[in-house]
$ cat protein18.txt   # compact mmCIF, C-alpha atoms
# COMPACT_ATOMS: atom_id res chain seq x y z
CA MET A 22 107.27 136.33 110.11
CA LYS A 23 105.30 133.33 111.40
CA TYR A 24 102.15 135.46 111.69
CA HIS A 25 102.71 136.74 108.14
CA ARG A 26 102.92 133.16 106.77
CA THR A 27 99.81 132.19 108.74
CA LEU A 28 97.92 135.15 107.31
CA LYS A 29 98.92 134.19 103.76
CA THR A 30 97.83 130.58 104.40
CA GLU A 31 94.45 131.77 105.62
CA LYS A 32 94.07 133.86 102.45
CA VAL A 33 94.79 130.83 100.29
CA LEU A 34 92.37 128.64 102.25
CA ASN A 35 89.67 131.29 101.97
CA LEU A 36 90.38 131.48 98.25
CA ILE A 37 90.01 127.70 97.92
CA LYS A 38 86.71 127.80 99.84
CA TYR A 39 85.40 130.57 97.57
CA ILE A 40 86.41 128.72 94.39
CA ILE A 41 84.79 125.48 95.60
CA ARG A 42 81.58 127.36 96.42
CA ASP A 43 81.67 128.90 92.96
CA ILE A 44 82.12 125.45 91.40
CA ILE A 45 79.16 124.07 93.36
CA ARG A 46 76.99 127.05 92.36
CA SER A 47 77.51 126.18 88.71
CA LYS A 48 75.47 122.99 89.44
CA PHE A 49 77.19 121.07 86.64
CA LEU A 50 79.24 119.09 89.15
CA ILE A 51 76.09 118.20 91.07
CA TYR A 52 74.46 116.85 87.89
CA TYR A 53 77.67 115.02 87.05
CA THR A 54 77.80 113.38 90.48
CA PHE A 55 74.19 112.23 90.33
CA SER A 56 74.76 110.93 86.80
CA LEU A 57 77.69 108.83 88.05
CA ILE A 58 75.52 107.46 90.88
CA LEU A 59 72.74 106.49 88.47
CA ILE A 60 75.22 104.90 86.06
CA SER A 61 76.90 102.95 88.86
CA LEU A 62 73.60 101.68 90.22
CA GLY A 63 72.40 100.82 86.72
CA ILE A 64 75.58 98.85 86.00
CA TYR A 65 75.23 96.84 89.19
CA TYR A 66 71.53 96.18 88.57
CA ILE A 67 72.10 95.03 84.97
CA ASN A 68 75.18 92.87 85.56
CA ARG A 69 74.36 91.25 88.90
CA ASN A 70 77.95 90.02 88.86
CA ASP A 71 80.84 91.57 90.76
CA THR A 72 83.50 90.93 88.10
CA LYS A 73 81.37 92.30 85.26
CA THR A 74 80.44 95.28 87.40
CA TYR A 75 84.07 96.10 88.14
CA ILE A 76 85.05 95.79 84.48
CA THR A 77 82.23 98.08 83.33
CA VAL A 78 82.97 100.63 86.06
CA LEU A 79 86.62 100.52 84.96
CA ASN A 80 85.57 101.71 81.49
CA ILE A 81 83.76 104.67 83.06
CA ILE A 82 86.83 105.59 85.11
CA ILE A 83 89.34 105.45 82.26
CA TYR A 84 87.18 106.81 79.42
CA LEU A 85 84.33 109.03 80.68
CA MET A 86 85.98 110.63 83.71
CA PRO A 87 89.07 111.96 81.88
CA LEU A 88 86.88 113.63 79.25
CA ILE A 89 84.67 115.31 81.86
CA ASN A 90 87.70 116.39 83.86
CA LEU A 91 89.34 117.94 80.80
CA LEU A 92 86.26 119.83 79.65
CA PHE A 93 85.09 120.96 83.09
CA THR A 94 88.52 122.21 84.18
CA SER A 95 89.19 124.10 80.96
CA LEU A 96 85.75 125.76 80.97
CA HIS A 97 86.17 126.74 84.61
CA VAL A 98 89.57 128.33 83.96
CA TYR A 99 88.31 130.23 80.91
CA ASN A 100 85.21 131.43 82.77
CA SER A 101 87.32 132.47 85.78
CA LYS A 102 89.59 134.80 83.80
CA GLU A 103 88.02 137.99 85.20
CA PHE A 104 88.08 136.54 88.72
CA ILE A 105 91.78 135.68 88.39
CA GLU A 106 92.51 139.19 87.09
CA THR A 107 90.82 140.65 90.16
CA ILE A 108 92.67 138.37 92.61
CA LEU A 109 95.99 139.33 90.99
CA THR A 110 95.47 142.87 92.27
CA TYR A 111 95.65 141.56 95.86
CA PRO A 112 98.92 140.76 97.70
CA VAL A 113 98.77 137.06 96.85
CA SER A 114 101.44 135.43 94.72
CA ARG A 115 100.55 133.92 91.37
CA SER A 116 101.70 130.47 92.48
CA LYS A 117 99.25 130.53 95.39
CA ILE A 118 96.41 131.58 93.08
CA PHE A 119 97.37 128.82 90.65
CA PHE A 120 97.46 126.10 93.30
CA ALA A 121 94.25 127.40 94.89
CA GLU A 122 92.48 126.96 91.55
CA TYR A 123 94.06 123.56 90.91
CA ILE A 124 93.43 122.17 94.40
CA SER A 125 89.83 123.40 94.35
CA LEU A 126 89.14 121.65 91.05
CA VAL A 127 90.86 118.45 92.21
CA ILE A 128 88.87 118.41 95.44
CA ALA A 129 85.55 119.00 93.67
CA LEU A 130 86.14 116.38 90.97
CA SER A 131 87.53 113.85 93.47
CA VAL A 132 84.46 114.22 95.70
CA SER A 133 82.22 113.61 92.68
CA PHE A 134 84.22 110.49 91.83
CA ILE A 135 84.05 109.17 95.40
CA ILE A 136 80.32 109.82 95.78
CA GLY A 137 79.38 108.70 92.28
CA ILE A 138 81.62 105.63 91.85
CA ILE A 139 83.36 104.49 95.02
CA ILE A 140 80.49 104.72 97.52
CA PRO A 141 78.04 102.71 95.33
CA LEU A 142 80.73 100.04 94.88
CA VAL A 143 81.30 99.90 98.64
CA ILE A 144 77.56 99.57 99.31
CA PHE A 145 76.64 97.01 96.65
CA SER A 146 79.84 95.16 95.82
CA PHE A 147 82.44 95.63 98.55
CA SER A 148 85.90 94.29 97.79
CA SER A 149 89.52 95.17 98.51
CA LEU A 150 89.75 95.97 94.79
CA ILE A 151 87.86 99.20 95.51
CA ILE A 152 91.05 100.59 97.06
CA TRP A 153 92.84 100.25 93.70
CA TYR A 154 89.89 101.81 91.89
CA PHE A 155 90.08 104.73 94.31
CA ILE A 156 93.84 105.22 93.81
CA SER A 157 93.59 104.92 90.03
CA GLY A 158 90.61 107.30 89.79
CA ILE A 159 92.23 109.93 92.02
CA PHE A 160 95.40 109.79 89.92
CA LEU A 161 93.35 110.36 86.76
CA VAL A 162 91.66 113.36 88.38
CA PHE A 163 95.02 114.88 89.28
CA ILE A 164 96.53 114.09 85.86
CA PHE A 165 93.77 115.33 83.57
CA THR A 166 93.04 118.38 85.70
CA ALA A 167 96.72 119.32 85.34
CA VAL A 168 96.69 118.66 81.58
CA SER A 169 93.53 120.70 81.15
CA PHE A 170 94.93 123.54 83.24
CA LEU A 171 98.04 123.59 81.05
CA SER A 172 95.97 123.79 77.87
CA ALA A 173 93.71 126.53 79.24
CA VAL A 174 96.72 128.61 80.29
CA VAL A 175 98.60 128.12 77.00
CA PHE A 176 95.72 128.78 74.59
CA GLU A 177 93.95 132.13 74.83
CA GLU A 178 91.13 131.08 72.50
CA ARG A 179 88.57 128.85 74.19
CA LEU A 180 87.74 126.82 71.08
CA LYS A 181 91.39 126.11 70.37
CA GLY A 182 92.04 125.03 73.96
CA ILE A 183 88.99 122.78 74.19
CA GLY A 184 89.65 121.36 70.73
CA THR A 185 93.20 120.48 71.79
CA LEU A 186 91.92 118.74 74.91
CA ILE A 187 89.39 116.68 72.96
CA GLY A 188 92.20 115.69 70.59
CA ILE A 189 94.36 114.65 73.56
CA TRP A 190 91.50 112.58 74.99
CA LEU A 191 90.87 110.85 71.65
CA LEU A 192 94.57 110.11 71.27
CA LEU A 193 95.05 108.66 74.75
CA SER A 194 91.72 106.84 75.09
CA VAL A 195 90.93 105.68 71.56
CA VAL A 196 93.73 106.07 69.02
CA TYR A 197 96.79 105.23 71.12
CA ASP A 198 96.21 101.47 71.41
CA GLY A 199 95.57 101.23 67.67
CA ILE A 200 98.85 103.01 66.93
CA ILE A 201 100.69 100.67 69.30
CA MET A 202 99.16 97.59 67.71
CA LEU A 203 100.20 98.84 64.27
CA LEU A 204 103.70 99.54 65.54
CA TYR A 205 104.02 96.06 66.98
CA PHE A 206 102.74 94.54 63.75
CA MET A 207 105.25 96.49 61.63
CA LEU A 208 108.16 95.71 63.98
CA SER A 209 107.18 92.16 64.88
CA ASP A 210 110.67 90.86 64.01
CA PHE A 211 112.31 92.98 66.71
CA PRO A 212 112.26 92.38 70.49
CA LEU A 213 109.91 95.05 71.86
CA ASP A 214 109.30 93.84 75.41
CA LYS A 215 111.30 96.68 77.00
CA THR A 216 109.87 99.18 74.55
CA SER A 217 106.38 98.28 75.76
CA LEU A 218 107.24 99.72 79.19
CA VAL A 219 107.97 103.13 77.71
CA LEU A 220 104.85 102.98 75.52
CA VAL A 221 102.64 102.21 78.50
CA CYS A 222 104.17 104.99 80.60
CA LEU A 223 103.40 107.50 77.83
CA ASN A 224 99.67 106.97 78.32
CA PRO A 225 98.06 107.62 81.74
CA VAL A 226 94.87 105.84 80.64
CA ASP A 227 96.81 102.65 79.95
CA LEU A 228 98.62 103.05 83.27
CA SER A 229 95.34 103.21 85.18
CA ARG A 230 93.80 100.30 83.30
CA ILE A 231 96.81 98.06 83.87
CA PHE A 232 97.11 99.14 87.50
CA ILE A 233 93.54 97.99 88.17
CA LEU A 234 93.60 94.87 86.00
CA MET A 235 96.77 93.65 87.69
CA ASN A 236 94.68 93.44 90.86
CA LEU A 237 91.60 92.16 89.06
CA ASP A 238 93.69 89.34 87.56
CA ILE A 239 92.05 89.24 84.13
CA SER A 240 94.95 88.85 81.74
CA ALA A 241 92.80 88.83 78.60
CA LEU A 242 91.98 92.51 79.10
CA PHE A 243 95.52 93.79 79.49
CA GLY A 244 96.03 94.48 75.81
CA TYR A 245 99.29 93.86 74.01
CA THR A 246 101.33 96.57 75.75
CA GLY A 247 99.88 95.67 79.12
CA ALA A 248 100.59 91.96 78.69
CA ASN A 249 104.25 92.67 77.94
CA PHE A 250 104.40 95.12 80.81
CA ILE A 251 103.25 92.46 83.29
CA LYS A 252 105.42 89.76 81.75
CA PHE A 253 108.61 91.80 81.91
CA PHE A 254 108.33 93.37 85.37
CA GLY A 255 105.98 91.11 87.24
CA THR A 256 102.97 92.29 89.21
CA SER A 257 104.80 94.01 92.11
CA TYR A 258 107.30 95.85 89.94
CA GLY A 259 104.57 96.77 87.49
CA MET A 260 102.48 98.39 90.22
CA VAL A 261 105.41 100.44 91.53
CA ILE A 262 106.42 101.65 88.08
CA SER A 263 102.83 102.48 87.08
CA LEU A 264 102.44 104.57 90.24
CA PHE A 265 105.74 106.36 89.63
CA ALA A 266 104.85 107.06 85.98
CA SER A 267 101.42 108.33 87.04
CA LEU A 268 103.10 110.69 89.50
CA LEU A 269 105.26 112.04 86.68
CA TRP A 270 102.10 112.60 84.63
CA VAL A 271 100.77 114.76 87.48
CA VAL A 272 103.95 116.75 88.17
CA THR A 273 105.07 117.47 84.58
CA PRO A 274 101.97 119.24 83.15
CA LEU A 275 101.38 120.92 86.52
CA PHE A 276 104.92 122.33 86.55
CA LEU A 277 104.62 123.54 82.94
CA ALA A 278 101.21 125.10 83.65
CA LEU A 279 102.60 126.90 86.72
CA LYS A 280 105.52 128.33 84.74
CA LYS A 281 103.18 129.58 82.02
CA PHE A 282 100.70 130.96 84.55
CA ALA A 283 103.50 132.85 86.34
CA ILE A 284 104.37 134.86 83.21
CA LYS A 285 100.94 134.98 81.55
CA ASP A 286 99.64 138.43 80.69
CA PHE A 287 96.05 138.52 81.95
$ encode --input "protein18.txt" --output "structure tokens"
Amino acid sequence: MKYHRTLKTEKVLNLIKYIIRDIIRSKFLIYYTFSLILISLGIYYINRNDTKTYITVLNIIIYLMPLINLLFTSLHVYNSKEFIETILTYPVSRSKIFFAEYISLVIALSVSFIIGIIIPLVIFSFSSLIIWYFISGIFLVFIFTAVSFLSAVVFEERLKGIGTLIGIWLLLSVVYDGIIMLLYFMLSDFPLDKTSLVLVCLNPVDLSRIFILMNLDISALFGYTGANFIKFFGTSYGMVISLFASLLWVVTPLFLALKKFAIKDF
């Protein structure tokens, strides 16, 4: 029995290695990583100020990275349909195939993030704040890879799946804060401090931004929901809750995607 489990583990690890090699062969991730390096170096060269550099890099992490993660993951899953169909003929469970694909994508995108964003920050502007950038960025990779995987599994048509993901990105990164501001304006006569917690937890982009800015200590950039979030819970509680909510954002779409993948007719 132990040998049988070991053999299955080796199959999954070999599958992960193959998928990662396939991702690297596509060369898009290599171009993406070098683009992040050039952007990071350009930001540092232009700003010549650690605080401004961190704020600008924050915008890349919470706006550009989620979009790339969504599009790259969905395209990979759609392009791997024939490969997945072939692997399903082997004695490997669907859950192992699913997690092999997911883990491979997370590893590849995380490495690009570390090489393209974290390492340049460590070299040119080292600070303990980099740890929080790392945690926040890794969470976003896990979250948006899971969301993209769910969309790619649910929607058979590529255009519909990618269109849905772009809509999700626009909602979370651009439209969401505007909707919240309008809501607060319309309901200004009601106490909404506790409601702001729920509103922040419904958006992983806001969670990451607040998580970093709590450590950067720039209150003007929190936004209305973020300001109430900090005011109500305090910095320590806010960090714990933001991490817990981010974990839920990883687990929920991943669980739904796994359930759909397990019954999907390839």
$ atom_distance --input "protein18.txt" --atom1 "atom CA of Ala129 of chain A" --atom2 "atom CA of Arg115 of chain A"
21.3 Å
$ closest_residue --input "protein18.txt" --among "A:Arg46, A:Lys117, A:Lys38, A:Lys102" --to "Glu177 of chain A" --atoms "all atoms listed in the file"
A:Lys102
$ atom_distance --input "protein18.txt" --atom1 "atom CA of Leu50 of chain A" --atom2 "atom CA of Ala278 of chain A"
23.4 Å
$ residues_around --input "protein18.txt" --residues "segment 142-145 of chain A" --least-positions-apart "6" --cutoff "10 Å" --atoms "all atoms listed in the file" --output "ChimeraX atom specification"
/A:58,61-62,65-66,69,71,74-75,78,135-136,151-152,154
$ atom_distance --input "protein18.txt" --atom1 "atom CA of Leu234 of chain A" --atom2 "atom CA of Ile89 of chain A"
22.7 Å
$ closest_residue --input "protein18.txt" --among "A:Leu34, A:Val113, A:Asn70, A:Ile139" --to "Ser157 of chain A" --atoms "only C-alpha atoms"
A:Ile139
$ closest_residue --input "protein18.txt" --among "A:Thr72, A:Thr110, A:Asn90, A:Asn80" --to "Val195 of chain A" --atoms "all atoms listed in the file"
A:Asn80
$ residues_near_point --input "protein18.txt" --point "(90.3, 120.5, 81.2)" --cutoff "6 Å" --atoms "only C-alpha atoms" --output "number ranges by chain"
A: 90-95, 166, 169-170
$ closest_residue --input "protein18.txt" --among "A:Met86, A:Leu192, A:Ile284, A:Ala173" --to "Leu57 of chain A" --atoms "only C-alpha atoms"
A:Met86
$ residues_near_point --input "protein18.txt" --point "(93.2, 111.8, 74.0)" --cutoff "12 Å" --atoms "only C-alpha atoms" --output "CSV table (one decimal) with C-alpha atoms, in the coordinates of the input"
chain,number,residue,atom,x,y,z
A,83,ILE,CA,89.3,105.4,82.3
A,84,TYR,CA,87.2,106.8,79.4
A,85,LEU,CA,84.3,109.0,80.7
A,87,PRO,CA,89.1,112.0,81.9
A,88,LEU,CA,86.9,113.6,79.2
A,91,LEU,CA,89.3,117.9,80.8
A,165,PHE,CA,93.8,115.3,83.6
A,168,VAL,CA,96.7,118.7,81.6
A,169,SER,CA,93.5,120.7,81.2
A,183,ILE,CA,89.0,122.8,74.2
A,184,GLY,CA,89.6,121.4,70.7
A,185,THR,CA,93.2,120.5,71.8
A,186,LEU,CA,91.9,118.7,74.9
A,187,ILE,CA,89.4,116.7,73.0
A,188,GLY,CA,92.2,115.7,70.6
A,189,ILE,CA,94.4,114.6,73.6
A,190,TRP,CA,91.5,112.6,75.0
A,191,LEU,CA,90.9,110.8,71.6
A,192,LEU,CA,94.6,110.1,71.3
A,193,LEU,CA,95.0,108.7,74.8
A,194,SER,CA,91.7,106.8,75.1
A,195,VAL,CA,90.9,105.7,71.6
A,196,VAL,CA,93.7,106.1,69.0
A,197,TYR,CA,96.8,105.2,71.1
A,198,ASP,CA,96.2,101.5,71.4
A,223,LEU,CA,103.4,107.5,77.8
A,224,ASN,CA,99.7,107.0,78.3
A,225,PRO,CA,98.1,107.6,81.7
A,226,VAL,CA,94.9,105.8,80.6
A,227,ASP,CA,96.8,102.6,80.0
$ residues_around --input "protein18.txt" --residues "Val174 of chain A" --least-positions-apart "4" --cutoff "10 Å" --atoms "all atoms listed in the file" --output "number ranges by chain"
A: 95, 98-99, 169-170, 178, 182, 277-282, 285
$ residues_around --input "protein18.txt" --residues "Val272 of chain A" --least-positions-apart "4" --cutoff "9 Å" --atoms "only C-alpha atoms" --output "PyMOL selection string"
chain A and resi 164+167+267-268+276-277
$ axis_aligned_box --input "protein18.txt" --around "segment 181-197 of chain A" --padding-each-side "3 Å" --output "lines of an AutoDock Vina configuration file"
center_x = 92.9
center_y = 115.7
center_z = 72.1
size_x = 13.8
size_y = 26.9
size_z = 12.1
$ closest_residue --input "protein18.txt" --among "A:Ile40, A:Ile262, A:Val33, A:Gly199" --to "Ser116 of chain A" --atoms "all atoms listed in the file"
A:Val33
$ closest_residue --input "protein18.txt" --among "A:Lys181, A:Phe206, A:Ile51, A:Trp270" --to "Val162 of chain A" --atoms "only C-alpha atoms"
A:Trp270
$ residues_around --input "protein18.txt" --residues "Leu264 of chain A" --least-positions-apart "6" --cutoff "9 Å" --atoms "all atoms listed in the file" --output "list of chain:residue names"
A:Ser157, A:Phe160, A:Leu228, A:Ser229, A:Phe232
